[in-house]
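See structure below.
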Amino acid sequence: MSDPSQKKKTKDKVTGGVSKGMTKLEKVRKSVPLVGTTSSFSTKNSMKGLSKFITQVRDAATVEKEKKTVDNELANIRKNFIEDPKMKGYQKKKYVAKIIYIYMLGYDVNVGFLQAINLMTSTIFSEKQVGYLACGLLLNEEHEMIPLLIQALQDDLVSRSVHTQSLALALIANIGGTQMAEALYPGVAKLLLANTSTGVLKKKAALTLLRLHQKNSEFITPDPWADRIVKLLNSKNLAVVSSLMSFLIGIAKQDKEGYDVCIQKVLELLDKIAVKNEFILEYEYYSVANPWLQVKLLRFLSLFNNTILSSNTLAPRLREIQTLILRNLGKSSQIKTLSTNHKNAIHCVLFENIDLLIQLDHYNSTELSLETADLLTKFLVAKESNIKYLALEAMASLATRVAGTGSKVMDTLQGHINTVLGLLSDQDISIKRRALDLLYGVCDHKNCAHIVQELIKFLSQAQNNLFLMSTSTNSTSSQSFVEEIVLKIAMLSERYCESNKWYVDTMMQLIHWGGDSVPEEIWFRIVQIVTNNEDIQEYAAALAYKSLNEVKNRQAVLSNNFAAGQPLAPGQVAQDATQGKITIVSETLIRVGSYVLGEFGHLICDKPGMGAVDQYKAILAHYQFVSLPTRAILLSCLVKFMNLYPTELSAECENIFKAQSGSFDPEIQQRAVEYLNMKRLENAELLNAVLDVMPAYQSANTAQLGSSAKKMNPGEGFVPAQTSGVQQQNQGNYVATSVDIDRERMREEEEERIRRERAREVASKVGVESFGSAQNPNLAPRPQAGGEAGIEQQLSGILSGREEYIDQLYKALCVGPEGVLYEDENLQIGLKSEYLQGTGQIMIYYGNMSPNLITGFQSQFSANTSVMMQVQQLEGTIPPQAQVSQLIAVKAIEPFSDPIYLSLGYTASGRSHTFRIKFPLILLKFLEKIEGFGAEDYLKIWKEIPGQPFEQQVVLKPNREISVANLKAILSGMRLAVIEGMDPNPHNLVVAGSIVLGEKRLVVLLRLEVNLEANMIRLTVRSTDGHLSTAVKNLLGTQLA
């Protein structure tokens, strides 16, 4: 037996030895700097100057002291760099490290760039590290030092050191840019393809190529690269394969043509990993085989869904793989004891697989689609918000795919409507939005009434909650969600309308609870439907009266506030002191009710409690609480009452018009004066001509709730038309089919103009002057002595020798928002303009330059059916040395290239002047930039647009010397975006913009090829509308010539 004491000695000896060894190791650790500390730049020198500088900055008590310390240090660094051009590497490293720290503090740095590049070329790795770090932080792709940087990078790419090559690849990917792509692409590609490159280098090279491809896609084409990538995907290193898949997805997203040869290999990899489980164990993450690579493989296959479906071999094989993934991971996802990371690993692959299943729809495989739908419905009750969000999004996509096919999948989705309705009350706003999208997708004729009623019920609760949380940070997002609900209810109600009566009931409820979230287009639709259907006019009038009375009773408790000088804000939510409820005072409801009563109130005046006086009181009770635009509508209703009930209401209405004729608002004042003058004329024929019932609206076949429907498709370049499902209930009557609201409003204005013309004709017959109007169509000045010859002589006298100057002013305003349009010894015309989403506002200023009064001033614009114009009426006189303004609202309806002319006439110093000038309202004014539109988007749309007439081209030879800077300034003035770095020729310009015409948003793409030597420009225009391309080509060519 061994001696126990001997064992103890041995144990003590071993312990002592270990203890001594640990002491030495600790000493070594203390001498080696930790990563992330200031001493990590060198293992021999700790750069005490850098540490001291950092301490001084941290010890600064105020911002001013810190800035002074930084400025002094930068001055010292600049001085040393100048005085010692042969500075040692260590000193350069120390100063450049200080510059990096200063830059990280947020200060501007304009020194040390050349020294940082010199450090990159150092043979000492610690110095090279600092140089690379500085260049990566301080330089960008447009920096003037990029050529020097490229030379250093080219040398390091061919270095024998893997670390040096890795630094070079990281910097190339960090800065990128066209210059680097042109110069360094071959070297990076060589590292990726070389058999001698390590796995780390191949990974970095693949990701670097992806970065360069995003900056300039011309270097990577499918001809050589498709086959190369297939070979590289055979690598046993799954990290390299993962990087290659990122590279492959990036280039295929931009242009997938030619890369379909990779599908077979990608399928093999997916089968190998997901089905056969042939992978290295270190790539297993929570029992899921390489989930990141599986996601990339599935995402690549989703880019080629059409190719896969057309193949008799690829589609069946992919269906088998996806079925196994769905069943295996779907079963695992239902285990409740899984950790969060384990669930994430399962769900990332599962939902990517489901998205691909929905896209491919495997020959309408009912069994597989039903399995998918059943699995998704189980996730609706998940505790994790992310899982519910993904499930709702996938279900909405699936509902869109199977809608109208009679598939049992839709029955499965519709069976969970109540669960989805419950998710509308979720605290997460993104869950609410996706639940609303799903309800919109599963709605049909069978369940529309139930869904709409539940949405209105939720809307009432949401508005009350919105009032209670109006001071919280979530009120803005909640208000936006309420607006979405309102639009969805309106579109569903119109699409699946049961009857006109049901539609009117539903819309009145929507307006009641929607408040100011209800857009104008919705109440326009109610008015159109009621006007065109005689069978519901009486019912609508009774409903409108009832609604106005209810709101009147609620507002009664607020009259004290109004009497105290605190009128209720439009759409305000008020607390009813008597019932303890929150109620909504909706101006939209008041507008609808007053309009319907004004037109059809006579149909219910014989009913008890709904007589003429009762209707008058219901209307008048709201006047003090509403905004000015609503008051204008109420006045129009009252003038209808005055005509319909002369005995009961004539005196009351006249008193109101007298009181409002002195209103500070010009619209209210004008209406009151006009209506009062109409009453004083005491001419029944005139009143009946002006106040006749609105005629029926013309039918339309497309369903668009005006521009508000664009909220349903944020970020979309084109707004798709919605198809209405409403059918006619009465033969020959127009029912709830949809209408392009802007065109209808234009038609209404035209009818109003004709009605006013009829009134003037009647007034002239009875010997009275016509009352004022919002827009006088008779704008041509009356001829003075001398007849037409005298007019021509005056015109030539004014404009003689000034055509060129006036044309220059016109061209300047075609690309600028404001300026002078015309001037002579009597008159100066200036304007300011603003355009947004197909509409514009132009303020014209007419200045009297003479010491005499200008009288009889009139203006008239030439007719153009492609542009809707609303012109403010002019007073007719301009005092000496004063100016008057005229507001014009415009809206583009369709492409146009013909100029619009402004005709003017006035009398000054006893002489009459008439002339006509071109008005700077051209199609190019409605163009605007597309936010977030990059090179990838441009190339995708450019390739999708076919040739003529959608592509138009013209060669221009300007009279003046071409300047690229001037061209950019002109395009910028037209609110077009120049996409930099797309064309290898720096003189060529690639330009993109969009334009709203009517209710359509169209993309316009331009390419200007500039030949400075020949002083010529080749302009190419592409859009999805041939007329638009032609108009833009003609107008832009005129501006550039």
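By order in the structure tokens, chains are A, B, ...; within a chain, residues start at 1; ligands start at 1, following the order shown.
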
Show me, as CSV, the residues of segment 299-361 of chain A having an atom within 10 Å of segment 372-390 of chain A, each with the closest atom pair and its distance in Å, using only C-alpha atoms.
residue,atom,partner,partner_atom,distance
A:Thr323,CA,A:Thr372,CA,9.6
A:Leu326,CA,A:Thr372,CA,7.7
A:Arg327,CA,A:Thr372,CA,9.3
A:Gly330,CA,A:Leu375,CA,6.9
A:Lys331,CA,A:Leu375,CA,9.0
A:Ser333,CA,A:Phe379,CA,9.3
A:Gln334,CA,A:Lys378,CA,8.5
A:Thr340,CA,A:Glu384,CA,9.4
A:Lys343,CA,A:Ile387,CA,9.5
A:Asn344,CA,A:Ile387,CA,9.1
A:His347,CA,A:Ile387,CA,7.8
A:Cys348,CA,A:Leu390,CA,9.8
A:Phe351,CA,A:Leu390,CA,7.3
A:Glu352,CA,A:Leu390,CA,9.9
A:Ile354,CA,A:Thr372,CA,7.1
A:Asp355,CA,A:Leu390,CA,10.0
A:Leu357,CA,A:Thr372,CA,8.4
A:Ile358,CA,A:Thr372,CA,8.8

Would you list the contacts of Ser594 of chain A as a PyMOL selection string, taking every protein, DNA or RNA residue within 7 Å and counting only C-alpha atoms, but skipping same-chain residues closer than 3 positions in sequence? chain A and resi 590-591+597-598+619+634+637

Long-range neighbours of Leu119 of chain A as a PyMOL selection string, 9 Å cut-off, only C-alpha atoms, 3 positions minimum in chain: chain A and resi 89+92-93+114-116+122-124+127-132

Of the listed residues A:Ala892, A:Leu398, A:Val63, A:Ile417, that which approaches Gln837 of chain A most closely, counting only C-alpha atoms: A:Ala892

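For Val820 of chain A, the set of protein, DNA and RNA residues having any atom at most 7 Å away, when counting only C-alpha atoms and skipping those fewer than 4 positions along the same chain, is Leu809, Ile829, Gly830 and Leu831 of chain A.
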
Output for the residues just chosen: N, CA, C and O atoms as a PDB file, in the first residue's frame:
ATOM      1  N   LEU A 809     -39.129  84.302 -69.447  1.00  0.00           N
ATOM      2  CA  LEU A 809     -39.846  84.274 -68.163  1.00  0.00           C
ATOM      3  C   LEU A 809     -40.725  83.034 -68.063  1.00  0.00           C
ATOM      4  O   LEU A 809     -40.809  82.384 -67.017  1.00  0.00           O
ATOM      5  N   ILE A 829     -47.164  90.708 -63.674  1.00  0.00           N
ATOM      6  CA  ILE A 829     -47.818  89.463 -63.267  1.00  0.00           C
ATOM      7  C   ILE A 829     -46.761  88.539 -62.674  1.00  0.00           C
ATOM      8  O   ILE A 829     -45.777  88.200 -63.336  1.00  0.00           O
ATOM      9  N   GLY A 830     -46.963  88.134 -61.445  1.00  0.00           N
ATOM     10  CA  GLY A 830     -46.095  87.151 -60.798  1.00  0.00           C
ATOM     11  C   GLY A 830     -46.929  85.995 -60.275  1.00  0.00           C
ATOM     12  O   GLY A 830     -48.157  86.100 -60.151  1.00  0.00           O
ATOM     13  N   LEU A 831     -46.261  84.909 -59.973  1.00  0.00           N
ATOM     14  CA  LEU A 831     -47.014  83.768 -59.448  1.00  0.00           C
ATOM     15  C   LEU A 831     -46.154  82.910 -58.551  1.00  0.00           C
ATOM     16  O   LEU A 831     -44.928  82.889 -58.649  1.00  0.00           O
TER      17      LEU A 831
END

Tell me, in Å to one decimal, how far atom CA of Leu244 of chain A is from atom CA of Leu137 of chain A. 26.7 Å

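The shortest atom-to-atom distance to Met245 of chain A, with only C-alpha atoms taken into account, belongs to A:Leu207 out of A:Val693, A:Leu207, A:Leu681, A:Val518.
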
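Atom CA of Thr221 of chain A to atom CA of Cys262 of chain A spans 13.9 Å [interatomic distance, one decimal].
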
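Shortest atom-to-atom contact with Met145 of chain A among A:Leu492, A:Leu874, A:Ile117, A:Ala969: A:Ile117, counting only C-alpha atoms.
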
Find the residues near Asp437 of chain A: any atom within 7 Å, counting only C-alpha atoms, skip ones fewer than 4 places away on the same chain, and give them as a short mmCIF file (atom, residue, chain, number, x, y, z; two decimals) with N, CA, C and O atoms, in the first residue's frame.
data_model
loop_
_atom_site.label_atom_id
_atom_site.label_comp_id
_atom_site.auth_asym_id
_atom_site.auth_seq_id
_atom_site.Cartn_x
_atom_site.Cartn_y
_atom_site.Cartn_z
N ALA A 396 -53.85 36.05 -44.70
CA ALA A 396 -54.37 37.07 -45.61
C ALA A 396 -53.88 36.81 -47.03
O ALA A 396 -54.65 36.95 -48.00
N ARG A 433 -53.61 45.66 -37.56
CA ARG A 433 -53.63 45.94 -39.01
C ARG A 433 -53.71 44.64 -39.80
O ARG A 433 -54.44 44.54 -40.78
N GLY A 441 -59.87 40.20 -46.56
CA GLY A 441 -59.64 39.16 -47.56
C GLY A 441 -60.65 38.04 -47.53
O GLY A 441 -60.98 37.47 -48.58
#

Residues within 10 Å of Pro222 of chain A, please, as an MDAnalysis selection string. Count only C-alpha atoms; anything in the same chain fewer than 3 positions from it doesn't count. chainID A and resid 225:229 251:252 255:261

Create the file for the chosen residues now, containing C-alpha atoms and written as a compact mmCIF listing (two decimals), in the first residue's frame.
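Listing of result_34.txt after writing:
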# COMPACT_ATOMS: atom_id res chain seq x y z
CA TRP A 225 -21.71 33.41 -63.09
CA ALA A 226 -24.65 31.00 -63.11
CA ASP A 227 -22.44 27.96 -63.83
CA ARG A 228 -19.76 29.21 -61.44
CA ILE A 229 -22.21 29.51 -58.58
CA ILE A 251 -28.39 39.21 -58.03
CA ALA A 252 -31.47 37.12 -58.89
CA ASP A 255 -32.63 40.19 -62.73
CA LYS A 256 -33.45 36.49 -62.42
CA GLU A 257 -33.05 35.74 -66.11
CA GLY A 258 -30.37 33.10 -66.65
CA TYR A 259 -30.13 31.92 -63.04
CA ASP A 260 -32.81 29.23 -63.32
CA VAL A 261 -30.00 26.70 -63.87

Write out as a PyMOL selection string all residues of segment 31-151 of chain A that DSSP puts in helix (DSSP H, G or I) for this structure's backbone. chain A and resi 31+38-41+48-59+63-83+89-104+113-120+125-138+146-151

Give me, as a PyMOL selection string, all polymer residues having an atom no more than 12 Å from segment 882-887 of chain A, counting only C-alpha atoms and skipping those fewer than 4 positions away in the same chain. chain A and resi 774-775+826-834+840-854+857-860+869-878

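Distances to Glu980 of chain A were evaluated for A:Asn532, A:Asn216, A:Thr405, A:Gln461 using only C-alpha atoms, and the minimum falls at A:Asn216.
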
Select, from A:Met491, A:Ala274, A:Cys497, A:Ile100, the residue with the minimum atom-to-atom distance to His445 of chain A, counting only C-alpha atoms. A:Cys497
